[in-house]
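Everything on this sheet refers to the single structure shown next.
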Amino acid sequence: MTLTRKMLDTRYAWWFHGKHNTEQAKEEILTLFSDEPDDIHEWTEQDIYEQSRKIIARWDSA
């Protein structure tokens with residue numbers, strides 16, 4: 001699974017509700033999850049959720 005900007009702005013918009021520095025968090029998330037890690041592996045929804053949660057929390061407290 002990969003993410004797009006549209007997905008972050010619609011399907012996952014609730015992740016960013018009431019958070020600070022959301023644009024920076026979105027850019028970091030897209031850098032990590034806009035492509036699969038390689039030809040054999042793919043990101044799971046759990047991978048994306050857990051890492052995104054950490055990124056958003058870090059940017060929210062920055």
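Residues in the structure tokens are named by chain (A, B, ... in the order shown) and by number from 1 within that chain; ligands are numbered from 1 in the order shown.
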task = Would you kindly return, as an MDAnalysis selection string, each protein, DNA or RNA residue with an atom no farther than 9 Å from any atom of A:Arg5, considering only C-alpha atoms and excluding same-chain residues fewer than 5 positions away?
result = chainID A and resid 10 26:27 30 34
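Here atom CA of A:Leu3 stands at a distance of 10.9 Å from atom CA of A:Ser52.
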request  = Find, counting only C-alpha atoms, the residue in A:Trp59, A:Tyr49, A:Trp43, A:Glu36 that gets nearest to A:Thr22.
outcome  =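 Selected residue with least distance to A:Thr22: A:Trp59.
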request  = Write down as an NGL selection string the residues of chain A whose backbone DSSP state falls under alpha helix (DSSP H).
outcome  = :A and (5-9 or 22-33 or 45-60)
Write a file of the selected residues as a short mmCIF file (atom, residue, chain, number, x, y, z; two decimals), in the first residue's frame, keeping N, CA and C atoms.
```cif
data_model
loop_
_atom_site.label_atom_id
_atom_site.label_comp_id
_atom_site.auth_asym_id
_atom_site.auth_seq_id
_atom_site.Cartn_x
_atom_site.Cartn_y
_atom_site.Cartn_z
N ARG A 5 -1.04 12.30 -1.62
CA ARG A 5 -1.45 13.53 -0.94
C ARG A 5 -2.97 13.57 -0.79
N LYS A 6 -3.68 13.13 -1.83
CA LYS A 6 -5.14 13.12 -1.80
C LYS A 6 -5.66 12.24 -0.67
N MET A 7 -5.03 11.08 -0.46
CA MET A 7 -5.45 10.19 0.61
C MET A 7 -5.25 10.84 1.98
N LEU A 8 -4.11 11.54 2.16
CA LEU A 8 -3.86 12.22 3.43
C LEU A 8 -4.87 13.34 3.67
N ASP A 9 -5.29 14.00 2.60
CA ASP A 9 -6.21 15.12 2.73
C ASP A 9 -7.68 14.70 2.83
N THR A 22 1.17 20.37 10.49
CA THR A 22 0.65 19.24 9.71
C THR A 22 1.29 19.13 8.33
N GLU A 23 1.62 20.24 7.71
CA GLU A 23 2.23 20.17 6.38
C GLU A 23 3.58 19.49 6.42
N GLN A 24 4.37 19.78 7.45
CA GLN A 24 5.67 19.13 7.59
C GLN A 24 5.49 17.63 7.84
N ALA A 25 4.52 17.28 8.66
CA ALA A 25 4.25 15.87 8.94
C ALA A 25 3.80 15.15 7.67
N LYS A 26 2.93 15.78 6.90
CA LYS A 26 2.46 15.16 5.66
C LYS A 26 3.60 14.96 4.68
N GLU A 27 4.49 15.93 4.56
CA GLU A 27 5.64 15.79 3.65
C GLU A 27 6.52 14.62 4.07
N GLU A 28 6.79 14.49 5.36
CA GLU A 28 7.62 13.38 5.83
C GLU A 28 6.93 12.04 5.59
N ILE A 29 5.65 11.97 5.86
CA ILE A 29 4.89 10.73 5.63
C ILE A 29 4.91 10.36 4.16
N LEU A 30 4.70 11.34 3.30
CA LEU A 30 4.71 11.06 1.86
C LEU A 30 6.08 10.63 1.37
N THR A 31 7.12 11.21 1.94
CA THR A 31 8.48 10.81 1.57
C THR A 31 8.70 9.33 1.87
N LEU A 32 8.18 8.88 2.99
CA LEU A 32 8.36 7.48 3.37
C LEU A 32 7.42 6.52 2.65
N PHE A 33 6.17 6.91 2.48
CA PHE A 33 5.15 5.95 2.07
C PHE A 33 4.52 6.20 0.70
N GLU A 45 -1.07 -1.47 5.97
CA GLU A 45 -1.79 -0.36 6.58
C GLU A 45 -1.31 -0.13 8.01
N GLN A 46 -0.97 -1.20 8.70
CA GLN A 46 -0.47 -1.07 10.07
C GLN A 46 0.89 -0.36 10.08
N ASP A 47 1.80 -0.71 9.14
CA ASP A 47 3.08 -0.02 9.03
C ASP A 47 2.87 1.48 8.89
N ILE A 48 2.02 1.83 7.97
CA ILE A 48 1.77 3.23 7.67
C ILE A 48 1.14 3.94 8.87
N TYR A 49 0.17 3.32 9.49
CA TYR A 49 -0.52 3.94 10.62
C TYR A 49 0.44 4.18 11.79
N GLU A 50 1.20 3.16 12.16
CA GLU A 50 2.07 3.27 13.33
C GLU A 50 3.17 4.32 13.11
N GLN A 51 3.81 4.28 11.96
CA GLN A 51 4.88 5.24 11.70
C GLN A 51 4.32 6.65 11.52
N SER A 52 3.18 6.78 10.89
CA SER A 52 2.57 8.10 10.70
C SER A 52 2.17 8.70 12.04
N ARG A 53 1.64 7.88 12.93
CA ARG A 53 1.27 8.35 14.26
C ARG A 53 2.47 8.95 14.98
N LYS A 54 3.62 8.28 14.88
CA LYS A 54 4.84 8.78 15.52
C LYS A 54 5.32 10.08 14.88
N ILE A 55 5.27 10.14 13.55
CA ILE A 55 5.69 11.35 12.84
C ILE A 55 4.80 12.53 13.20
N ILE A 56 3.50 12.31 13.21
CA ILE A 56 2.55 13.38 13.53
C ILE A 56 2.78 13.87 14.96
N ALA A 57 2.98 12.96 15.90
CA ALA A 57 3.21 13.35 17.29
C ALA A 57 4.49 14.17 17.42
N ARG A 58 5.54 13.77 16.72
CA ARG A 58 6.80 14.50 16.77
C ARG A 58 6.63 15.92 16.22
N TRP A 59 5.97 16.06 15.07
CA TRP A 59 5.77 17.38 14.49
C TRP A 59 4.79 18.22 15.30
N ASP A 60 3.83 17.58 15.94
CA ASP A 60 2.85 18.31 16.75
C ASP A 60 3.52 18.96 17.96
#
```
key: Computed interatomic separation between atom CA of A:Arg11 and atom CA of A:Glu42 (Å)   =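 Separating atom CA of A:Arg11 from atom CA of A:Glu42 is a distance of 19.6 Å.
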task = Provide the atom CA of A:Thr2 to atom CA of A:Asp38 distance in Å, to one decimal place.
result = 11.8 Å
